Structures are given as structure tokens and as C-alpha cells.
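Below is one structure, written out as C-alpha cells, with a few remarks after it.
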Amino acid sequence: MDSPTHGTCTIAVHAGHGVDPAYGAVAAPIYQTATFAFESAEEGARRFAGEQDGYIYTRYGNPTTKVFEDKIAALEGAEAAQGVASGMSAVSTALLALLKRGDHIVATDSIYAAVHLLLADTLPHLGIECTFVDGTQVERVADAVKPNTRAIYFETPGNPALKLVDIAAVASIARNTGVTTVVDNTFATPINQRPISLGADVVIQSATKYLGGHGDLIGGAVVGSKEFIDKLWHTHIQLGGALSPFNSFLIARGMQTLPLRMAAHNANALRVAEFLEQHAAVERVIYPGLPSHPQHELARRQMSGYGGMVCFELKGGIEAGRALMNSVRLCTLTVSLGDVRTLICHPASMTHAEVPPAEREKAGITDGLVRLSVGVEDADDLIADLDQALDIPGGMGP
Ligand code: LCS
């Protein structure tokens, strides 16, 4: 059902599963099992030798996880995907499949904190060096590539400050030098942006966010060519980040409405961003869909929607931001993103607290920055909630 002639909504619903042949179940069944029995010792040996198709053990593969893998591969326009236990598992498995001792990686500085720490701390202990660059300047990326560079890693839009990277430009630098381009597409989702169609090689997804969409699971995926995913599978079974079949079911179930939810996230976030931008208490708003975003033209070129993430700073700085976060009623004060509910958080003291202040500054994470993951509630209700929360002592600024 993943024919290129089908539209995105059709692919989201149908890719990865049809009616189950065993009993005619219409919803994809949950194969909640650790192992799969062999009919004979010979068959078991053939499956292990790769001479016969069939499942072995859920860390090696599972039919429910395959539904999710086929759906995300189809939506990203890729040949294959590997479902894994979390977004971080997707990042670490992909990077360890690509890099070995003595290799170098270029990464942009506007990335999720745990990924920054993996690149700045854990990988160097394994003899893999990382150079961080400002990904908004493509020439900085090009200049950082060395003879032993094997990969370029970035998020666009980046977490949290929504800096963009020109995917096509970076992918062409990488291609010319034999380097693999790895793009974390979690913020955009394949509904708003398709990095592989722009020349990227590998896509990372934290399925915890928009793919699952309901804030009730942790999961992830690595997406790419069949050749790369086959290679990555060996790293995956060694590292062991297996996705539970139940979580695979929830993710694949959520993905059936991904295009509908993203349309609502995109529309609501634009309304909220426009509301905040005209509010007297607000110093600045960061949203790729606003003409005031410094890379709005790039957003128009490489994204088909601007996403649900909005950042802003109040004139009253961090104190006003805290007062706002303590006063919202409908928005939930928590980390994570991509939930149907609107979530609000303070990156400098929460999601990115472990990143050293100098690195945070380079990534655009000022102390006053507030991050909103705009949900699919009624935009009027969200605006009313933010409006009442801004109408508090300390929130109005000068
Ligand atoms: N990539 C991006 C862009 C993320 O934002 C996150 C998590 C990950 C990867 C890791 O995914 P996970 O392992 O959590 O599934 N971002 C989070 C955030 O901003 N708040 O809480 C988690």
C-alpha cells in the first residue's frame, strides 16, 4: 500500500499492514512475544543463517514492530527502517553503526541535550571526535569536514531554539566528500519535511513525539537505504535497544492520524506564534512559519508545514517566564513534545540543563527562552490560557 501514487494520508493509514491473514483482524495485531517457535531444528538453523524468512526473537525483529517500520519508511520516502526503544537509541545505534575509533563527525550545535552529550562526552571516550558548528551557516559545516569525517549530524528545526539547517546544501557537501548525512526529523515529521528527498542518507525519529502523538510511550526509528538498515541491524541486536511490541502497536496506531494531527499542530502553532508576537509582554517569538524567523525563506523552501514547536522570550526575562509557566492552566508544564496536549517547558533549566552554559548560548538557548509544544486543542482556548497567564505581576514587562 506504499505505492508512490498514493497520497500521504493513505500511506499513513495503510502502509505496513492489511487485514491480518490469521483471523481477519483489521487492526494490526500485537505480537507480544519474546520468541518465535521453529517447526524443526533445521528450520531454526536456516532462519539464523538468513536462508529462510521468519521471525526468531523480538530483539531481532517482530511483526508488530515491522508495521511501524514499514509505515515510517513509506512516509519518509525511504527503503527501510529499524524500530528501536527510544529516540536516543535511534541516535546511538545509527552513530555506532556508522563510526569507529579514529573517525570524526560534524554536528550542529542546536541539538537535543542528550545527543550533544553523546557526541561531546561518550563518543570521544571511544576515540570518535566531534566538531560542533553553527548549522545555520552551511560554509561552517563544509569547513569542519576533515579527511576522517564519516558523518554530518543535525536536527532541523533544532531543539529547542528552532534553528534550521539547509538539508539539500549540507547533503551535497556530504555527498561530494563521501560523508553520510544524518538528519533528526523529529520536530518536522515526514509530514512537514522529507530529508531523504532532499538528499540526506539517514533519518532519525523519536517516535515518543509526534509519531506516537499521545504522550504515552517511548520509541524511535532509524530510516534509510535497505543496505544501511541491514548493516545497522547488526549494531542494533548487539546494543539491544529493542522496541516493545506494545509500543510499536501504539506508534503505528498513532501514525494513522499523523497527517491530520500535524495539520492541526501547524495551524495552532502559527496562531499561537502570531498571538505571542503581538503581545506587549513578549520580547521575541521564534517560529519558522513567521516572517520574522531569520530563516523563514529556508523554511518555506524545505518544509511543507512549520510544525507545532514555538519558542519565546518575555520582556521580563526568566522571572516573567517562570511566572507564566506557573500560571498556565490548560498548557501542561512538562518536558517532551509532539503530544496532542500543549506542553510548556524551560529548556535552560530542564531539557538542556546538562549542556554547559557556553554551549547553550551557541545553540540559542537563552535563560529566558520558553518552549511550547502546541497541541491540537482549540487555538482560541490555548491563546486564552496564555493570555491569562501573561496577565500576571512580572509577566507584563516594562
Ligand atoms: N531527538 C530529538 C529532536 C528530541 O527532541 C529527543 C527528545 C530525542 C531525539 C530523544 O528521544 P527519546 O529518546 O526521548 O525518545 N527530546 C526531549 C525533549 O525535548 N524533552 O524531553 C525529551
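By convention here, the chains of the C-alpha cells are called A, B, ... in the order presented, each chain's residues are numbered starting at 1, and ligands are numbered starting at 1 in the order presented.
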
At most 6 Å from ligand 1 (only C-alpha atoms and all ligand atoms): residue list as a ChimeraX atom specification:
/A:86-88,112,159,186,206,208,218-220,335-336,351

Please identify which residues in segment 110-330 of chain A DSSP calls helix (DSSP H, G or I) from the backbone, and express them as a PyMOL selection string.
chain A and resi 113-125+138-144+167-176+189-192+195-198+226-239+245-255+258-278+296-302+317-325

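Take the candidates A:Ala353, A:Ala25, A:Val170, A:Ala81 and check each one against Ser225 of chain A using only C-alpha atoms; the shortest distance goes to A:Ala81.
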
Among segment 71-205 of chain A, which residues does DSSP mark as strand (DSSP E) when it is run on the backbone? Keep the chain and numbering as in the structure and answer as number ranges by chain.
A: 80-84, 104-108, 129-133, 149-155, 180-184, 202-205

Give me the residues near Ile111 of chain A as a ChimeraX atom specification, where near means some atom within 8 Å (using only C-alpha atoms) and where sequence neighbours in that chain fewer than 2 positions away do not count.
/A:108-109,113,115-116,154-155,158-160,363

Might you pull out every residue within 9 Å of Ala120 of chain A, with only C-alpha atoms counted and same-chain residues fewer than 2 positions away left off, and present them as a PyMOL selection string?
chain A and resi 115-118+122-124+129-132

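Distances here use only C-alpha atoms; by that measure, the residue among A:Leu330, A:Val374, A:Leu211, A:Ala273 closest to Pro190 of chain A is A:Leu211.
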